[in-house]
Amino acid sequence: MRMMPPQLALSALEAAPDAMLMVDAEGVIRFANRQVLALFGYAREEIVGLPVETLIPQRFRDRHLGHRADYMTRMRVRPMGQNLELYALRRDASEFPVEISLSPVADNDPQLVVVAIRDVSERQHVQRELIAARSAAEEARNVADQARESSERANQGKSRFLATASHDLRQPLQALALLNGTLRRTVSDPSVTEALAQQEQAIAAMSRLLNALLDISKLESGSVRPDITDFSVAFIFEEMRREFATVATRKGLTLEIDATDARVHSDASLVEQVLRNLVSNAIKYTRNGGVALTCAVADQSMVRLEVRDSGIGICADQIPLIYDEFYQVGIATNTTRDGYGLGLAIVKRIVDLLGLKIEVHSQPGRGSSFALLLPSAGRLTPAPEPREEYAAAAPAAVRSAQPRILLVEDDPSVRDATRMLLKIEGFAVTAVSSLEGALDALTAQPHFDLLMTDYHLGPAQTGLQVIAAIRERLGPHFKAVLVSGDTSLAIRSIAFDPDLRVTSKPIRAEALLRLLRELLPSGG
């Protein structure tokens with residue numbers, strides 16, 4: 001793997017969605033990207049050469065000088081001021097809350113540190129909004145008819161807010177995930193590779209927490225509505241195998257999943273989410289042995305899906321607490337946590353929403369079992385499952401020397417990060433921001449191999465409209481990937497299409513590239 005040229009490294013920092021500084025051992029700012037200029041209100045020539053303490057409120061500067069000197073003697077990748085509230089100072093003397101991460105530039109003389117700064121004002125605002133909305137919803141459930149009508153109106157507004165928050169909060173995470181994938185493909189220095197691997201883990205953790213919080217909020221707001229159909233259990237079991245087999249193996253555990261022809265009557269997507277959380281929890285709390293996912297016909301009308309593990313188990317007095325938000329078995333709230341204690345809270349809400357029953361049996365030191373009881377749909381000849389039909393290939397498009405991808409994304413940071421990743425992987429990319437831009441690109445270059453589009457493209461456009469317009473010109477089987485930060489019913493209700501993949505933001509670089517190569521003729 002080749003080293004990243006200095007200019008390309010600076011370009012990557014310049015394109016990052018966060019404010020990025022490069023500071024030397026004396027605390028002097030040597031580089032500031034455009035996000036720094038926008039965030040702090042300085043011109044580039046004003047900020048480069050200033051002490052970094054210029055960006056810190058006066059009351060913290062003396063303390064920061066000591067912390068900076070200490071860090072320069074023990075440089076490592078870490079967050080700054082962990083468990084503390086940090087503030088930054090703009091040029092106009094206004095203060096704002098921030099998160100700061102420090103990452104030394106390895107093998108560089110003089111010593112340099114990359115400082116990533118994120119304004120968390122909006123996040124704090126969103127958190128306050130979510131807390132306020134949940135509080136309002138709780139109060140509304142305790143009042144009579146007039147208050148109930150008010151609650152319904154509040155929930156409608158909350159649903160709109162969550163749909164917007166889901167999209168907007170996932171956008172910077174998507175850009176970070178793709179930029180991380182790009183950087184990992186361009187560096188070979190072990191210390192930088194390790195830093196990027198830790199960054200990838202942090203991005204994944206942020207994504208999991210965001211998804212869990214949004215899932216909880218959507219379930220409580222009433223914006224999730226079941227789509228009840230008959231479906232094959234084997235379809236979901238295979239998804240669990242694909243997702244968790246490698247995770248279990250890396251931990252030294254076995255993962256046994258039944259072969260079954262059972263069919264059930266419920267919401268396939270929500271049942272899959274329940275099993276995903278149960279299997280993930282089982283692997284998390286199992287140190288030795290393994291996890292089993294089984295299917296049995298309980299009687300003529302019910303099917304029993306069970307997740308068993310040989311993990312730490314749960315004391316009888318703790319079982320009533322496991323569905324509480326942020327509760328984790330045997331872990332104090334002020335200690336380091338593996339996960340967030342939201343998985344079973346989500347499971348309980350989905351089970352209640354679907355009107356199902358879940359049974360829990362556990363012994364400390366011997367493991368646990370969670371069994372989900374579902375109405376049987378009979379052992380009929382399975383209808384073709386969407387993800388199995390994906391193997392059917394459409395007629396091959398006209399190919400160029402490089403696979404040509406038309407990228408439609410209205411967020412500049414995500415668009416640039418996606419384009420950089422695809423180009424470094426050998427794709428020819430034409431990146432535009434709208435349906436009109438896509439049609440213009442098609443006029444200028446009529447031969448593309450695949451379309452990749454965001455779902456939300458402004459107030460009047462969606463990725464589905466882009467796909468329809470492109471297919472009108474290039475044929476109904478033209479391959480497309482629809483990427484969205486929206487997990488609402490609008491996304492879940494998209495009709496099955498063997499030439500279309502629908503994936504959620506944030507998606508890791510490897511997963512995105514695997515998806516593209518799966519769709520492209522001859523694997524891209």
# chains A, B, ... in the order shown; residues from 1 in each chain; ligands from 1

call {"tool": "residues_around", "arguments": {"residues": "Asp309 (chain A)", "least_positions_apart": "4", "cutoff": "12 Å", "atoms": "only C-alpha atoms", "output": "NGL selection string"}}
result
:A and (248 or 253-256 or 278-294 or 313-314 or 360-371)

call {"tool": "select_by_dssp", "arguments": {"residues": "region 212-277 of chain A", "states": "alpha helix (DSSP H)", "output": "PyMOL selection string"}}
result
chain A and resi 212-221+233-250+268-277

call {"tool": "write_last_selection", "arguments": {"atoms": "C-alpha atoms", "output": "compact mmCIF listing (two decimals), in the first residue's frame"}}
result
# COMPACT_ATOMS: atom_id res chain seq x y z
CA ALA A 212 -30.45 2.97 18.46
CA LEU A 213 -31.56 6.39 19.73
CA LEU A 214 -33.53 7.08 16.55
CA ASP A 215 -35.09 3.61 16.65
CA ILE A 216 -36.23 4.15 20.24
CA SER A 217 -37.64 7.59 19.42
CA LYS A 218 -39.47 6.38 16.31
CA LEU A 219 -41.03 3.45 18.15
CA GLU A 220 -42.18 5.70 20.96
CA SER A 221 -43.50 8.38 18.62
CA VAL A 233 -37.85 -17.66 8.43
CA ALA A 234 -34.89 -19.02 6.42
CA PHE A 235 -34.57 -15.65 4.70
CA ILE A 236 -33.94 -13.86 8.03
CA PHE A 237 -31.77 -16.67 9.42
CA GLU A 238 -29.47 -16.38 6.40
CA GLU A 239 -29.16 -12.64 7.02
CA MET A 240 -28.13 -13.36 10.62
CA ARG A 241 -25.51 -15.84 9.38
CA ARG A 242 -24.04 -13.29 6.96
CA GLU A 243 -23.96 -10.53 9.54
CA PHE A 244 -22.68 -12.37 12.63
CA ALA A 245 -20.66 -15.42 11.49
CA THR A 246 -17.42 -13.45 11.21
CA VAL A 247 -18.12 -11.52 14.44
CA ALA A 248 -18.58 -14.77 16.37
CA THR A 249 -15.49 -16.38 14.83
CA ARG A 250 -13.29 -13.41 15.72
CA ALA A 268 -40.33 -9.28 8.30
CA SER A 269 -38.22 -6.13 8.78
CA LEU A 270 -39.17 -5.67 12.44
CA VAL A 271 -38.75 -9.38 13.26
CA GLU A 272 -35.31 -9.24 11.65
CA GLN A 273 -34.46 -6.23 13.82
CA VAL A 274 -35.53 -8.15 16.96
CA LEU A 275 -33.35 -11.16 16.06
CA ARG A 276 -30.42 -8.91 15.13
CA ASN A 277 -30.48 -7.28 18.57

call {"tool": "closest_atom_pairs", "arguments": {"of": "region 85-142 of chain A", "to": "region 58-67 of chain A", "cutoff": "12 Å", "atoms": "only C-alpha atoms", "output": "tab-separated table"}}
result
residue	atom	partner	partner_atom	distance
A:Glu85	CA	A:Phe60	CA	11.5
A:Leu86	CA	A:Phe60	CA	9.4
A:Tyr87	CA	A:Phe60	CA	9.0
A:Ala88	CA	A:Phe60	CA	9.8
A:Leu89	CA	A:Gln58	CA	8.7
A:Arg90	CA	A:Gln58	CA	11.8
A:Ala93	CA	A:Gln58	CA	10.0
A:Ser94	CA	A:Gln58	CA	11.7
A:Glu95	CA	A:Gln58	CA	10.6

call {"tool": "closest_residue", "arguments": {"among": "A:Met80, A:Ala444, A:Ala197, A:Ala132", "to": "Arg118 (chain A)", "atoms": "only C-alpha atoms"}}
result
A:Met80

call {"tool": "closest_residue", "arguments": {"among": "A:Leu21, A:Val105, A:Ile29, A:Cys295", "to": "Glu194 (chain A)", "atoms": "only C-alpha atoms"}}
result
A:Val105

call {"tool": "closest_residue", "arguments": {"among": "A:Ala19, A:Ile467, A:Leu513, A:Leu112", "to": "Asn33 (chain A)", "atoms": "only C-alpha atoms"}}
result
A:Ala19

call {"tool": "residues_around", "arguments": {"residues": "Gly437 (chain A)", "least_positions_apart": "6", "cutoff": "12 Å", "atoms": "only C-alpha atoms", "output": "PyMOL selection string"}}
result
chain A and resi 406-410+430-431+443-444+453+457+466+469-470

call {"tool": "residues_around", "arguments": {"residues": "Ile358 (chain A)", "least_positions_apart": "2", "cutoff": "10 Å", "atoms": "only C-alpha atoms", "output": "PyMOL selection string"}}
result
chain A and resi 304-306+347-348+351-352+356+360+370-374

call {"tool": "closest_residue", "arguments": {"among": "A:Arg473, A:Arg415, A:Lys423, A:Arg263", "to": "Leu439 (chain A)", "atoms": "only C-alpha atoms"}}
result
A:Arg473

call {"tool": "closest_residue", "arguments": {"among": "A:Thr418, A:Ser101, A:Gln174, A:Gln465", "to": "Ile507 (chain A)", "atoms": "only C-alpha atoms"}}
result
A:Gln174

call {"tool": "closest_residue", "arguments": {"among": "A:Val483, A:Ile405, A:Met452, A:Ala511", "to": "Gln171 (chain A)", "atoms": "only C-alpha atoms"}}
result
A:Val483

call {"tool": "atom_distance", "arguments": {"atom1": "CA of His265 (chain A)", "atom2": "CA of Thr229 (chain A)"}}
result
5.6 Å

call {"tool": "residues_around", "arguments": {"residues": "region 48-54 of chain A", "least_positions_apart": "6", "cutoff": "7 Å", "atoms": "only C-alpha atoms", "output": "MDAnalysis selection string"}}
result
chainID A and resid 27:32 61

call {"tool": "write_last_selection", "arguments": {"atoms": "N, CA and C atoms", "output": "PDB file, in the first residue's frame"}}
result
ATOM      1  N   GLY A  27       2.599  24.661  19.878  1.00  0.00           N
ATOM      2  CA  GLY A  27       1.207  25.086  19.927  1.00  0.00           C
ATOM      3  C   GLY A  27       0.839  26.091  18.854  1.00  0.00           C
ATOM      4  N   VAL A  28       1.664  26.196  17.803  1.00  0.00           N
ATOM      5  CA  VAL A  28       1.393  27.161  16.727  1.00  0.00           C
ATOM      6  C   VAL A  28       0.590  26.461  15.625  1.00  0.00           C
ATOM      7  N   ILE A  29      -0.443  27.107  15.155  1.00  0.00           N
ATOM      8  CA  ILE A  29      -1.293  26.558  14.096  1.00  0.00           C
ATOM      9  C   ILE A  29      -0.537  26.628  12.774  1.00  0.00           C
ATOM     10  N   ARG A  30      -0.328  25.468  12.126  1.00  0.00           N
ATOM     11  CA  ARG A  30       0.393  25.397  10.844  1.00  0.00           C
ATOM     12  C   ARG A  30      -0.536  25.144   9.670  1.00  0.00           C
ATOM     13  N   PHE A  31      -1.740  24.673   9.933  1.00  0.00           N
ATOM     14  CA  PHE A  31      -2.704  24.415   8.843  1.00  0.00           C
ATOM     15  C   PHE A  31      -4.106  24.507   9.417  1.00  0.00           C
ATOM     16  N   ALA A  32      -5.027  25.064   8.634  1.00  0.00           N
ATOM     17  CA  ALA A  32      -6.441  25.131   9.020  1.00  0.00           C
ATOM     18  C   ALA A  32      -7.278  24.916   7.769  1.00  0.00           C
ATOM     19  N   ARG A  61      -7.051  29.061  29.305  1.00  0.00           N
ATOM     20  CA  ARG A  61      -5.781  29.063  28.576  1.00  0.00           C
ATOM     21  C   ARG A  61      -4.595  28.608  29.422  1.00  0.00           C
TER      22      ARG A  61
END

call {"tool": "residues_around", "arguments": {"residues": "Ile117 (chain A)", "least_positions_apart": "3", "cutoff": "7 Å", "atoms": "only C-alpha atoms", "output": "short mmCIF file (atom, residue, chain, number, x, y, z; two decimals) with N, CA and C atoms, in the first residue's frame"}}
result
data_model
loop_
_atom_site.label_atom_id
_atom_site.label_comp_id
_atom_site.auth_asym_id
_atom_site.auth_seq_id
_atom_site.Cartn_x
_atom_site.Cartn_y
_atom_site.Cartn_z
N ASP A 18 -15.38 18.02 9.25
CA ASP A 18 -15.11 18.68 10.52
C ASP A 18 -14.00 19.72 10.36
N ALA A 19 -13.93 20.61 11.34
CA ALA A 19 -12.83 21.58 11.39
C ALA A 19 -11.55 20.85 11.76
N MET A 20 -10.50 21.01 10.96
CA MET A 20 -9.24 20.28 11.15
C MET A 20 -8.08 21.27 11.21
N VAL A 98 -17.78 22.22 22.09
CA VAL A 98 -17.09 21.44 21.06
C VAL A 98 -16.69 20.07 21.60
N GLU A 99 -16.42 19.15 20.66
CA GLU A 99 -15.69 17.92 20.93
C GLU A 99 -14.39 18.01 20.15
N ILE A 100 -13.29 17.55 20.76
CA ILE A 100 -11.97 17.68 20.13
C ILE A 100 -11.26 16.33 20.21
N SER A 101 -10.69 15.91 19.08
CA SER A 101 -9.88 14.69 19.03
C SER A 101 -8.47 15.06 18.58
#

call {"tool": "select_by_dssp", "arguments": {"residues": "region 9-44 of chain A", "states": "strand (DSSP E)", "output": "MDAnalysis selection string"}}
result
chainID A and resid 19:24 29:32

call {"tool": "write_last_selection", "arguments": {"atoms": "N, CA and C atoms", "output": "short mmCIF file (atom, residue, chain, number, x, y, z; two decimals), in the first residue's frame"}}
result
data_model
loop_
_atom_site.label_atom_id
_atom_site.label_comp_id
_atom_site.auth_asym_id
_atom_site.auth_seq_id
_atom_site.Cartn_x
_atom_site.Cartn_y
_atom_site.Cartn_z
N ALA A 19 -13.93 20.61 11.34
CA ALA A 19 -12.83 21.58 11.39
C ALA A 19 -11.55 20.85 11.76
N MET A 20 -10.50 21.01 10.96
CA MET A 20 -9.24 20.28 11.15
C MET A 20 -8.08 21.27 11.21
N LEU A 21 -7.32 21.21 12.32
CA LEU A 21 -6.11 22.03 12.49
C LEU A 21 -4.89 21.11 12.50
N MET A 22 -3.75 21.67 12.12
CA MET A 22 -2.48 20.99 12.32
C MET A 22 -1.62 21.93 13.17
N VAL A 23 -1.19 21.44 14.34
CA VAL A 23 -0.51 22.26 15.33
C VAL A 23 0.87 21.66 15.61
N ASP A 24 1.90 22.53 15.77
CA ASP A 24 3.24 22.01 16.05
C ASP A 24 3.47 21.91 17.55
N ILE A 29 -0.44 27.11 15.16
CA ILE A 29 -1.29 26.56 14.10
C ILE A 29 -0.54 26.63 12.77
N ARG A 30 -0.33 25.47 12.13
CA ARG A 30 0.39 25.40 10.84
C ARG A 30 -0.54 25.14 9.67
N PHE A 31 -1.74 24.67 9.93
CA PHE A 31 -2.70 24.41 8.84
C PHE A 31 -4.11 24.51 9.42
N ALA A 32 -5.03 25.06 8.63
CA ALA A 32 -6.44 25.13 9.02
C ALA A 32 -7.28 24.92 7.77
#

call {"tool": "residues_around", "arguments": {"residues": "region 5-17 of chain A", "least_positions_apart": "5", "cutoff": "8 Å", "atoms": "only C-alpha atoms", "output": "ChimeraX atom specification"}}
result
/A:32-35,172,175-176,179,183,413,416-417

call {"tool": "write_last_selection", "arguments": {"atoms": "C-alpha atoms", "output": "PDB file, in the first residue's frame"}}
result
ATOM      1  CA  ALA A  32      -6.441  25.131   9.020  1.00  0.00           C
ATOM      2  CA  ASN A  33      -9.039  23.717   6.642  1.00  0.00           C
ATOM      3  CA  ARG A  34     -12.019  25.633   5.294  1.00  0.00           C
ATOM      4  CA  GLN A  35     -14.318  24.307   8.029  1.00  0.00           C
ATOM      5  CA  PRO A 172     -21.624  13.798   8.424  1.00  0.00           C
ATOM      6  CA  ALA A 175     -18.783  11.472   4.946  1.00  0.00           C
ATOM      7  CA  LEU A 176     -16.482  10.460   7.812  1.00  0.00           C
ATOM      8  CA  LEU A 179     -13.110   9.503   4.060  1.00  0.00           C
ATOM      9  CA  LEU A 183      -7.380   7.273   3.820  1.00  0.00           C
ATOM     10  CA  SER A 413     -19.226  16.653   1.885  1.00  0.00           C
ATOM     11  CA  ASP A 416     -16.830  14.614  -2.365  1.00  0.00           C
ATOM     12  CA  ALA A 417     -16.046  11.789   0.076  1.00  0.00           C
TER      13      ALA A 417
END
